[in-house]
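What's in start.pdb: PDB, C-alpha atoms and all ligand atoms
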ATOM      1  CA  MET A 573       2.953 -23.289  -1.945
ATOM      2  CA  THR A 574       1.387 -21.538   1.009
ATOM      3  CA  GLN A 575       0.282 -17.924   0.824
ATOM      4  CA  ASP A 576       3.206 -16.944   3.036
ATOM      5  CA  GLU A 577       5.642 -18.712   0.693
ATOM      6  CA  LEU A 578       4.181 -16.759  -2.226
ATOM      7  CA  LYS A 579       4.514 -13.525  -0.256
ATOM      8  CA  LYS A 580       8.134 -14.324   0.578
ATOM      9  CA  ALA A 581       8.908 -15.110  -3.067
ATOM     10  CA  THR A 582       7.518 -11.769  -4.255
ATOM     11  CA  ALA A 583       9.341  -9.907  -1.469
ATOM     12  CA  ARG A 584      12.585 -11.600  -2.507
ATOM     13  CA  ALA A 585      11.891 -10.692  -6.156
ATOM     14  CA  ALA A 586      11.467  -7.053  -5.107
ATOM     15  CA  ILE A 587      14.916  -7.099  -3.500
ATOM     16  CA  ASP A 588      16.402  -8.536  -6.702
ATOM     17  CA  TYR A 589      14.556  -5.844  -8.709
ATOM     18  CA  ILE A 590      15.634  -2.822  -6.637
ATOM     19  CA  ALA A 591      19.168  -3.849  -5.609
ATOM     20  CA  PRO A 592      20.859  -2.853  -8.926
ATOM     21  CA  LYS A 593      19.231   0.612  -8.714
ATOM     22  CA  LEU A 594      20.549   1.459  -5.237
ATOM     23  CA  ASP A 595      23.512   3.608  -4.234
ATOM     24  CA  ASP A 596      24.707   5.389  -1.078
ATOM     25  CA  HIS A 597      22.190   8.204  -1.562
ATOM     26  CA  SER A 598      19.121   6.090  -2.258
ATOM     27  CA  ILE A 599      16.020   6.309  -0.101
ATOM     28  CA  VAL A 600      13.678   3.320  -0.207
ATOM     29  CA  GLY A 601       9.974   3.750   0.595
ATOM     30  CA  VAL A 602       8.663   0.856   2.632
ATOM     31  CA  GLY A 603       5.050  -0.246   2.877
ATOM     32  CA  THR A 604       2.982  -1.983   5.499
ATOM     33  CA  GLY A 605       1.557  -5.446   6.018
ATOM     34  CA  SER A 606       2.690  -9.055   6.057
ATOM     35  CA  THR A 607       4.214  -8.994   2.542
ATOM     36  CA  ALA A 608       5.992  -5.723   3.303
ATOM     37  CA  ASN A 609       7.292  -7.303   6.523
ATOM     38  CA  PHE A 610       8.982 -10.062   4.516
ATOM     39  CA  PHE A 611      10.447  -7.348   2.277
ATOM     40  CA  ILE A 612      11.806  -5.496   5.323
ATOM     41  CA  ASP A 613      13.468  -8.641   6.603
ATOM     42  CA  TYR A 614      15.156  -9.241   3.230
ATOM     43  CA  LEU A 615      16.051  -5.534   2.920
ATOM     44  CA  ALA A 616      18.144  -5.912   6.068
ATOM     45  CA  GLU A 617      20.464  -8.210   4.109
ATOM     46  CA  ILE A 618      21.413  -5.328   1.769
ATOM     47  CA  LYS A 619      21.233  -2.434   4.249
ATOM     48  CA  GLY A 620      24.771  -1.308   3.375
ATOM     49  CA  GLN A 621      23.724  -0.575  -0.218
ATOM     50  CA  PHE A 622      21.436   2.447   0.361
ATOM     51  CA  ASP A 623      21.109   5.478   2.621
ATOM     52  CA  GLY A 624      17.854   4.739   4.442
ATOM     53  CA  THR A 625      14.108   4.418   4.276
ATOM     54  CA  VAL A 626      10.826   6.230   4.705
ATOM     55  CA  ALA A 627       8.152   4.059   6.314
ATOM     56  CA  SER A 628       4.425   4.130   5.617
ATOM     57  CA  SER A 629       3.474   3.214   9.203
ATOM     58  CA  GLU A 630       4.753   3.211  12.742
ATOM     59  CA  ALA A 631       4.733  -0.611  12.655
ATOM     60  CA  SER A 632       7.020  -0.749   9.612
ATOM     61  CA  ALA A 633       9.270   1.951  11.089
ATOM     62  CA  GLU A 634       9.682  -0.175  14.217
ATOM     63  CA  ARG A 635      10.513  -3.279  12.194
ATOM     64  CA  LEU A 636      13.063  -1.364  10.098
ATOM     65  CA  LYS A 637      14.698   0.094  13.211
ATOM     66  CA  ALA A 638      14.873  -3.363  14.776
ATOM     67  CA  HIS A 639      17.072  -4.314  11.810
ATOM     68  CA  ASP A 640      19.190  -1.142  12.319
ATOM     69  CA  ILE A 641      17.943   0.258   9.011
ATOM     70  CA  PRO A 642      17.745   4.089   9.137
ATOM     71  CA  VAL A 643      14.198   5.515   8.965
ATOM     72  CA  TYR A 644      13.773   9.133   7.896
ATOM     73  CA  ASP A 645      10.901  11.549   8.291
ATOM     74  CA  LEU A 646       9.501  12.179   4.822
ATOM     75  CA  ASN A 647      10.025  15.932   5.280
ATOM     76  CA  SER A 648      13.760  15.428   5.610
ATOM     77  CA  VAL A 649      14.312  13.647   2.285
ATOM     78  CA  ASP A 650      14.340  15.161  -1.203
ATOM     79  CA  SER A 651      13.069  12.131  -3.069
ATOM     80  CA  ILE A 652      12.332   8.440  -2.788
ATOM     81  CA  LEU A 653      13.895   6.238  -5.444
ATOM     82  CA  VAL A 654      11.462   3.364  -5.156
ATOM     83  CA  TYR A 655       8.482   2.440  -2.976
ATOM     84  CA  VAL A 656       7.751  -1.226  -2.284
ATOM     85  CA  ASP A 657       4.409  -2.223  -0.763
ATOM     86  CA  GLY A 658       1.708  -4.885  -0.807
ATOM     87  CA  ALA A 659      -1.925  -4.596  -1.816
ATOM     88  CA  ASP A 660      -5.312  -6.039  -1.007
ATOM     89  CA  GLU A 661      -6.340  -6.127  -4.690
ATOM     90  CA  ALA A 662      -4.670  -5.295  -8.005
ATOM     91  CA  ASN A 663      -6.248  -5.052 -11.469
ATOM     92  CA  PRO A 664      -4.559  -5.264 -14.915
ATOM     93  CA  ALA A 665      -4.065  -1.464 -14.943
ATOM     94  CA  LEU A 666      -2.136  -1.944 -11.681
ATOM     95  CA  GLN A 667      -4.729   0.127  -9.880
ATOM     96  CA  LEU A 668      -4.964  -1.110  -6.319
ATOM     97  CA  ILE A 669      -7.093  -1.372  -3.233
ATOM     98  CA  LYS A 670      -4.953  -0.858  -0.157
ATOM     99  CA  GLY A 671      -5.549  -0.173   3.517
ATOM    100  CA  GLY A 672      -6.329  -3.588   4.917
ATOM    101  CA  GLY A 673      -3.711  -2.724   7.507
ATOM    102  CA  ALA A 674      -5.170   0.790   8.018
ATOM    103  CA  ALA A 675      -2.020   2.496   6.694
ATOM    104  CA  LEU A 676      -3.560   3.764   3.452
ATOM    105  CA  THR A 677      -2.995   7.493   3.954
ATOM    106  CA  ARG A 678       0.712   7.294   4.690
ATOM    107  CA  GLU A 679       1.050   4.653   1.970
ATOM    108  CA  LYS A 680      -0.538   7.018  -0.526
ATOM    109  CA  ILE A 681       1.727   9.862   0.566
ATOM    110  CA  VAL A 682       4.899   7.783   0.246
ATOM    111  CA  ALA A 683       3.754   6.439  -3.125
ATOM    112  CA  ALA A 684       3.120  10.005  -4.327
ATOM    113  CA  CYS A 685       6.704  10.977  -3.395
ATOM    114  CA  SER A 686       8.328   7.996  -5.081
ATOM    115  CA  ASP A 687       9.874   7.813  -8.536
ATOM    116  CA  GLU A 688       8.718   4.220  -8.870
ATOM    117  CA  PHE A 689       6.084   2.122  -7.066
ATOM    118  CA  VAL A 690       6.713  -1.630  -6.959
ATOM    119  CA  CYS A 691       3.716  -3.612  -5.722
ATOM    120  CA  ILE A 692       4.348  -7.051  -4.220
ATOM    121  CA  ALA A 693       1.440  -9.433  -3.798
ATOM    122  CA  ASP A 694       0.446 -13.076  -3.901
ATOM    123  CA  GLU A 695      -1.870 -14.239  -6.663
ATOM    124  CA  SER A 696      -4.983 -14.103  -4.458
ATOM    125  CA  LYS A 697      -4.852 -10.309  -4.849
ATOM    126  CA  TRP A 698      -5.134 -10.325  -8.666
ATOM    127  CA  VAL A 699      -8.656  -9.400  -9.862
ATOM    128  CA  PRO A 700     -10.242  -8.230 -13.136
ATOM    129  CA  VAL A 701     -12.401  -5.628 -11.353
ATOM    130  CA  LEU A 702     -11.634  -3.989  -8.003
ATOM    131  CA  GLY A 703     -14.169  -4.080  -5.192
ATOM    132  CA  GLY A 704     -14.347  -7.639  -3.909
ATOM    133  CA  PHE A 705     -12.167  -6.489  -1.031
ATOM    134  CA  PRO A 706     -14.029  -3.868   1.032
ATOM    135  CA  LEU A 707     -12.612  -0.425   0.235
ATOM    136  CA  PRO A 708     -10.995   1.188   3.310
ATOM    137  CA  VAL A 709     -11.719   4.882   3.844
ATOM    138  CA  GLU A 710      -9.853   6.881   6.521
ATOM    139  CA  VAL A 711     -12.192   9.357   8.176
ATOM    140  CA  ILE A 712     -11.890  12.128  10.784
ATOM    141  CA  PRO A 713     -13.646  10.587  13.825
ATOM    142  CA  MET A 714     -16.378  13.249  14.234
ATOM    143  CA  ALA A 715     -17.386  12.818  10.563
ATOM    144  CA  ARG A 716     -17.825   9.032  10.730
ATOM    145  CA  SER A 717     -21.632   8.962  10.452
ATOM    146  CA  LEU A 718     -21.765  11.822   7.951
ATOM    147  CA  VAL A 719     -19.286  10.084   5.662
ATOM    148  CA  ALA A 720     -21.030   6.720   6.100
ATOM    149  CA  ARG A 721     -24.325   8.209   4.870
ATOM    150  CA  GLU A 722     -22.565   9.715   1.837
ATOM    151  CA  LEU A 723     -20.882   6.405   1.029
ATOM    152  CA  VAL A 724     -24.300   4.721   0.980
ATOM    153  CA  LYS A 725     -25.383   7.318  -1.604
ATOM    154  CA  LEU A 726     -22.390   6.237  -3.721
ATOM    155  CA  GLY A 727     -23.723   2.670  -3.669
ATOM    156  CA  GLY A 728     -21.593   1.114  -0.946
ATOM    157  CA  ASP A 729     -22.242  -0.495   2.426
ATOM    158  CA  PRO A 730     -19.809   1.097   4.897
ATOM    159  CA  VAL A 731     -18.832  -0.813   8.031
ATOM    160  CA  TYR A 732     -17.005   0.875  10.918
ATOM    161  CA  ARG A 733     -13.747  -0.992  11.649
ATOM    162  CA  GLN A 734     -14.201  -1.348  15.398
ATOM    163  CA  GLY A 735     -11.239  -0.812  17.692
ATOM    164  CA  VAL A 736      -8.898   0.538  15.004
ATOM    165  CA  THR A 737      -7.272   3.975  15.192
ATOM    166  CA  THR A 738      -4.902   4.893  12.375
ATOM    167  CA  ASP A 739      -1.382   6.252  12.916
ATOM    168  CA  ASN A 740      -2.962   9.632  12.163
ATOM    169  CA  GLY A 741      -5.575   9.326  14.940
ATOM    170  CA  ASN A 742      -8.509   8.637  12.631
ATOM    171  CA  VAL A 743     -11.020   5.809  12.037
ATOM    172  CA  ILE A 744     -11.636   3.447   9.126
ATOM    173  CA  LEU A 745     -14.867   2.711   7.269
ATOM    174  CA  ASP A 746     -14.674  -0.433   5.100
ATOM    175  CA  VAL A 747     -17.019  -0.074   2.138
ATOM    176  CA  HIS A 748     -18.545  -3.354   0.975
ATOM    177  CA  ASN A 749     -20.379  -4.250  -2.238
ATOM    178  CA  LEU A 750     -18.763  -1.730  -4.581
ATOM    179  CA  GLN A 751     -18.339  -2.723  -8.238
ATOM    180  CA  ILE A 752     -15.472  -0.385  -9.055
ATOM    181  CA  THR A 753     -15.645  -0.048 -12.824
ATOM    182  CA  ASP A 754     -14.117   3.458 -12.832
ATOM    183  CA  PRO A 755     -11.483   3.533 -10.086
ATOM    184  CA  LEU A 756     -10.214   7.010 -11.002
ATOM    185  CA  GLU A 757     -13.667   8.544 -10.727
ATOM    186  CA  LEU A 758     -14.559   6.769  -7.477
ATOM    187  CA  GLU A 759     -11.219   7.615  -5.863
ATOM    188  CA  ALA A 760     -11.827  11.292  -6.573
ATOM    189  CA  ALA A 761     -15.509  11.186  -5.550
ATOM    190  CA  ILE A 762     -14.800   9.613  -2.166
ATOM    191  CA  ASN A 763     -11.830  11.883  -1.484
ATOM    192  CA  ASN A 764     -14.133  14.826  -2.162
ATOM    193  CA  LEU A 765     -16.452  13.938   0.727
ATOM    194  CA  THR A 766     -16.055  16.274   3.689
ATOM    195  CA  GLY A 767     -14.451  14.401   6.563
ATOM    196  CA  VAL A 768     -12.600  11.876   4.411
ATOM    197  CA  VAL A 769      -8.811  11.904   4.759
ATOM    198  CA  THR A 770      -8.293   9.535   1.862
ATOM    199  CA  ASN A 771      -9.522   6.218   0.514
ATOM    200  CA  GLY A 772      -7.672   3.036  -0.334
ATOM    201  CA  LEU A 773      -8.036   3.258  -4.108
ATOM    202  CA  PHE A 774      -4.658   3.763  -5.760
ATOM    203  CA  ALA A 775      -5.815   4.729  -9.251
ATOM    204  CA  GLN A 776      -4.476   8.253  -9.664
ATOM    205  CA  ARG A 777      -1.117   6.840  -8.598
ATOM    206  CA  PRO A 778      -1.200   3.142  -9.536
ATOM    207  CA  ALA A 779       1.755   0.805  -9.184
ATOM    208  CA  ASP A 780       4.368   0.996 -11.931
ATOM    209  CA  ILE A 781       5.214  -2.672 -11.669
ATOM    210  CA  LEU A 782       3.553  -5.629  -9.975
ATOM    211  CA  LEU A 783       5.534  -8.644  -8.808
ATOM    212  CA  LEU A 784       2.879 -11.321  -8.368
ATOM    213  CA  GLY A 785       3.717 -14.465  -6.459
ATOM    214  CA  THR A 786       2.116 -17.469  -8.175
ATOM    215  CA  ALA A 787       2.484 -21.230  -7.921
ATOM    216  CA  GLY A 788       4.400 -21.061 -11.224
ATOM    217  CA  GLY A 789       6.858 -18.406  -9.963
ATOM    218  CA  VAL A 790       6.882 -14.646  -9.578
ATOM    219  CA  LYS A 791       5.291 -12.935 -12.580
ATOM    220  CA  THR A 792       6.106  -9.339 -13.523
ATOM    221  CA  PHE A 793       3.339  -7.037 -14.759
ATOM    222  CA  THR A 794       3.514  -3.475 -15.987
ATOM    223  CA  ALA A 795       0.399  -1.340 -16.352
ATOM    224  CA  LYS A 796      -1.813  -2.036 -19.406
TER
HETATM  225  C1  LIG B   1      -1.819  -1.969   4.585
HETATM  226  C2  LIG B   1      -1.902  -2.409   3.169
HETATM  227  C3  LIG B   1      -1.278  -3.699   2.795
HETATM  228  O1  LIG B   1      -0.387  -3.483   1.759
HETATM  229  C4  LIG B   1      -2.349  -4.654   2.369
HETATM  230  O2  LIG B   1      -3.318  -4.764   3.385
HETATM  231  C5  LIG B   1      -1.767  -6.045   2.054
HETATM  232  O3  LIG B   1      -1.361  -6.651   3.229
HETATM  233  P1  LIG B   1      -0.694  -8.084   3.240
HETATM  234  O4  LIG B   1       0.637  -7.962   2.589
HETATM  235  O5  LIG B   1      -0.602  -8.400   4.726
HETATM  236  O6  LIG B   1      -1.615  -9.049   2.537
HETATM  237  O7  LIG B   1      -2.461  -1.756   2.328
HETATM  238  O8  LIG B   1      -2.569  -0.818   4.814
END
Kindly transcribe the structure held in the file into structure tokens.
Ligand code: 5RP
Amino acid sequence: MTQDELKKATARAAIDYIAPKLDDHSIVGVGTGSTANFFIDYLAEIKGQFDGTVASSEASAERLKAHDIPVYDLNSVDSILVYVDGADEANPALQLIKGGGAALTREKIVAACSDEFVCIADESKWVPVLGGFPLPVEVIPMARSLVARELVKLGGDPVYRQGVTTDNGNVILDVHNLQITDPLELEAAINNLTGVVTNGLFAQRPADILLLGTAGGVKTFTAK
């Protein structure tokens, strides 16, 4: 199976997982990226079964609207029943690296508001230890060099993602060569640096369930 076929299979599995939970009042949180895009396309097939969505990026909001799926501002909803999103890496504790698509801050906000976080990913994202994928950090533009120097002190090699501005008007530093043995501690340490908006570690709020697309079918993991 191709990587896209695995992504489609996990997106389809997410629809099957959430559909029985939905009713007319349900709000679905929707992530960002190629796997999330497949999920959006399948979500359109059941758009009569829930109230609407909150999107984690302008790109996902546009795709949802193109399917005539309502998209709400997060401030106008009381709660999100379930958030479905991809990941760049996932470990057995269902802690994640996210932000390959530069949407990490809004993704983290939507995840924080959601009763349940369903991660959908192909098997290439499954790792024993996070850090092979460079860790995205969203930074206020004027603090880019300051934050980069501090990230070096934490043991990483930050690289400015050229030509990318986030939906929030900020820049991304991708931090290479981190061996993330304590994701909770590193998430907090990086978020504590002045000028950082947030980083792509989802350890304080990991996924609740991971639907992993593999050659042998979609496997379901809950946090260990
Ligand atoms: C965007 C993300 C995505 O979830 C992550 O990059 C995975 O993307 P894809 O599904 O295209 O592999 O965090 O900021």
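Closest approach to ligand LIG 1 (chain B) from the set A:Ala659, A:Val724, A:Leu756, A:Ala795 is made by A:Ala659, with distances taken over only C-alpha atoms and all ligand atoms.
Distance check against Leu707 of chain A using all atoms listed in the file: of A:Ile652, A:Ala665, A:Ala591, A:Val747, the minimum falls on A:Val747.
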Taking all atoms listed in the file into account, which residues are within 7 Å of ligand LIG 1 (chain B), as a VMD selection string? chain A and resid 603 to 608 657 to 660 670 to 676 693
Care to translate the PyMOL selection byres (((chain A and resi 779-788) around 10) and not hetatm) into actual residues of this file, as an MDAnalysis selection string? chainID A and resid 573:586 589 655:659 662:668 683 687:698 774:778 789:795
Contact residues around Val769 of chain A with all atoms listed in the file at 12 Å, ignoring same-chain residues under 5 positions, as a list in words: Ala675, Leu676, Thr677, Arg678, Lys680, Ile681, Pro708, Val709, Glu710, Val711, Ile712, Pro713, Ala715, Arg716, Val719, Thr738, Asn740, Gly741, Asn742, Val743, Ile744, Leu745, Glu759, Ala760, Ile762, Asn763 and Asn764 of chain A
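Applied to this file, the PyMOL selection byres (((chain A and resi 623-632) around 6) and not hetatm) selects Asp596, His597, Ser598, Ile599, Val600, Gly601, Val602, Gly603, Thr604, Phe622, Ala633, Glu634, Arg635, Pro642, Val643, Tyr644, Arg678 and Glu679 of chain A.
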Could I get segment 673-702 of chain A rebuilt with N, CA and C atoms, written as a PDB file, keeping the file's coordinate frame?
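Resulting contents of result26.pdb:
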ATOM      1  N   GLY A 673      -4.461  -2.915   6.267  1.00  0.00           N
ATOM      2  CA  GLY A 673      -3.711  -2.724   7.507  1.00  0.00           C
ATOM      3  C   GLY A 673      -3.860  -1.320   8.070  1.00  0.00           C
ATOM      4  N   ALA A 674      -4.809  -0.554   7.516  1.00  0.00           N
ATOM      5  CA  ALA A 674      -5.170   0.790   8.018  1.00  0.00           C
ATOM      6  C   ALA A 674      -4.087   1.843   7.788  1.00  0.00           C
ATOM      7  N   ALA A 675      -3.122   1.547   6.905  1.00  0.00           N
ATOM      8  CA  ALA A 675      -2.020   2.496   6.694  1.00  0.00           C
ATOM      9  C   ALA A 675      -2.167   3.268   5.386  1.00  0.00           C
ATOM     10  N   LEU A 676      -3.372   3.287   4.817  1.00  0.00           N
ATOM     11  CA  LEU A 676      -3.560   3.764   3.452  1.00  0.00           C
ATOM     12  C   LEU A 676      -3.104   5.201   3.225  1.00  0.00           C
ATOM     13  N   THR A 677      -3.314   6.081   4.202  1.00  0.00           N
ATOM     14  CA  THR A 677      -2.995   7.493   3.954  1.00  0.00           C
ATOM     15  C   THR A 677      -1.486   7.688   3.832  1.00  0.00           C
ATOM     16  N   ARG A 678      -0.755   7.144   4.784  1.00  0.00           N
ATOM     17  CA  ARG A 678       0.712   7.294   4.690  1.00  0.00           C
ATOM     18  C   ARG A 678       1.251   6.534   3.485  1.00  0.00           C
ATOM     19  N   GLU A 679       0.614   5.405   3.161  1.00  0.00           N
ATOM     20  CA  GLU A 679       1.050   4.653   1.970  1.00  0.00           C
ATOM     21  C   GLU A 679       0.861   5.512   0.717  1.00  0.00           C
ATOM     22  N   LYS A 680      -0.264   6.196   0.663  1.00  0.00           N
ATOM     23  CA  LYS A 680      -0.538   7.018  -0.526  1.00  0.00           C
ATOM     24  C   LYS A 680       0.432   8.193  -0.609  1.00  0.00           C
ATOM     25  N   ILE A 681       0.778   8.746   0.542  1.00  0.00           N
ATOM     26  CA  ILE A 681       1.727   9.862   0.566  1.00  0.00           C
ATOM     27  C   ILE A 681       3.110   9.396   0.102  1.00  0.00           C
ATOM     28  N   VAL A 682       3.556   8.268   0.631  1.00  0.00           N
ATOM     29  CA  VAL A 682       4.899   7.783   0.246  1.00  0.00           C
ATOM     30  C   VAL A 682       4.909   7.406  -1.239  1.00  0.00           C
ATOM     31  N   ALA A 683       3.831   6.785  -1.698  1.00  0.00           N
ATOM     32  CA  ALA A 683       3.754   6.439  -3.125  1.00  0.00           C
ATOM     33  C   ALA A 683       3.826   7.700  -3.992  1.00  0.00           C
ATOM     34  N   ALA A 684       3.150   8.760  -3.544  1.00  0.00           N
ATOM     35  CA  ALA A 684       3.120  10.005  -4.327  1.00  0.00           C
ATOM     36  C   ALA A 684       4.494  10.645  -4.426  1.00  0.00           C
ATOM     37  N   CYS A 685       5.358  10.381  -3.433  1.00  0.00           N
ATOM     38  CA  CYS A 685       6.704  10.977  -3.395  1.00  0.00           C
ATOM     39  C   CYS A 685       7.742  10.135  -4.115  1.00  0.00           C
ATOM     40  N   SER A 686       7.349   8.962  -4.595  1.00  0.00           N
ATOM     41  CA  SER A 686       8.328   7.996  -5.081  1.00  0.00           C
ATOM     42  C   SER A 686       8.425   8.002  -6.599  1.00  0.00           C
ATOM     43  N   ASP A 687       9.662   7.859  -7.090  1.00  0.00           N
ATOM     44  CA  ASP A 687       9.874   7.813  -8.536  1.00  0.00           C
ATOM     45  C   ASP A 687       9.242   6.563  -9.134  1.00  0.00           C
ATOM     46  N   GLU A 688       9.245   5.489  -8.361  1.00  0.00           N
ATOM     47  CA  GLU A 688       8.718   4.220  -8.870  1.00  0.00           C
ATOM     48  C   GLU A 688       8.002   3.486  -7.739  1.00  0.00           C
ATOM     49  N   PHE A 689       6.876   2.862  -8.063  1.00  0.00           N
ATOM     50  CA  PHE A 689       6.084   2.122  -7.066  1.00  0.00           C
ATOM     51  C   PHE A 689       6.048   0.659  -7.501  1.00  0.00           C
ATOM     52  N   VAL A 690       6.682  -0.186  -6.703  1.00  0.00           N
ATOM     53  CA  VAL A 690       6.713  -1.630  -6.959  1.00  0.00           C
ATOM     54  C   VAL A 690       5.730  -2.297  -6.002  1.00  0.00           C
ATOM     55  N   CYS A 691       4.697  -2.914  -6.555  1.00  0.00           N
ATOM     56  CA  CYS A 691       3.716  -3.612  -5.722  1.00  0.00           C
ATOM     57  C   CYS A 691       4.099  -5.088  -5.638  1.00  0.00           C
ATOM     58  N   ILE A 692       4.034  -5.629  -4.434  1.00  0.00           N
ATOM     59  CA  ILE A 692       4.348  -7.051  -4.220  1.00  0.00           C
ATOM     60  C   ILE A 692       3.121  -7.723  -3.618  1.00  0.00           C
ATOM     61  N   ALA A 693       2.678  -8.800  -4.254  1.00  0.00           N
ATOM     62  CA  ALA A 693       1.440  -9.433  -3.798  1.00  0.00           C
ATOM     63  C   ALA A 693       1.415 -10.896  -4.224  1.00  0.00           C
ATOM     64  N   ASP A 694       0.681 -11.695  -3.474  1.00  0.00           N
ATOM     65  CA  ASP A 694       0.446 -13.076  -3.901  1.00  0.00           C
ATOM     66  C   ASP A 694      -0.754 -13.097  -4.844  1.00  0.00           C
ATOM     67  N   GLU A 695      -0.905 -14.193  -5.556  1.00  0.00           N
ATOM     68  CA  GLU A 695      -1.870 -14.239  -6.663  1.00  0.00           C
ATOM     69  C   GLU A 695      -3.328 -14.106  -6.221  1.00  0.00           C
ATOM     70  N   SER A 696      -3.597 -14.271  -4.931  1.00  0.00           N
ATOM     71  CA  SER A 696      -4.983 -14.103  -4.458  1.00  0.00           C
ATOM     72  C   SER A 696      -5.451 -12.653  -4.598  1.00  0.00           C
ATOM     73  N   LYS A 697      -4.502 -11.739  -4.791  1.00  0.00           N
ATOM     74  CA  LYS A 697      -4.852 -10.309  -4.849  1.00  0.00           C
ATOM     75  C   LYS A 697      -5.197  -9.835  -6.269  1.00  0.00           C
ATOM     76  N   TRP A 698      -4.968 -10.701  -7.251  1.00  0.00           N
ATOM     77  CA  TRP A 698      -5.134 -10.325  -8.666  1.00  0.00           C
ATOM     78  C   TRP A 698      -6.597 -10.465  -9.063  1.00  0.00           C
ATOM     79  N   VAL A 699      -7.223  -9.377  -9.519  1.00  0.00           N
ATOM     80  CA  VAL A 699      -8.656  -9.400  -9.862  1.00  0.00           C
ATOM     81  C   VAL A 699      -8.891  -8.633 -11.168  1.00  0.00           C
ATOM     82  N   PRO A 700      -9.933  -9.008 -11.933  1.00  0.00           N
ATOM     83  CA  PRO A 700     -10.242  -8.230 -13.136  1.00  0.00           C
ATOM     84  C   PRO A 700     -10.877  -6.879 -12.802  1.00  0.00           C
ATOM     85  N   VAL A 701     -11.708  -6.860 -11.763  1.00  0.00           N
ATOM     86  CA  VAL A 701     -12.401  -5.628 -11.353  1.00  0.00           C
ATOM     87  C   VAL A 701     -12.247  -5.460  -9.844  1.00  0.00           C
ATOM     88  N   LEU A 702     -11.812  -4.258  -9.430  1.00  0.00           N
ATOM     89  CA  LEU A 702     -11.634  -3.989  -8.003  1.00  0.00           C
ATOM     90  C   LEU A 702     -12.973  -3.920  -7.279  1.00  0.00           C
TER      91      LEU A 702
END
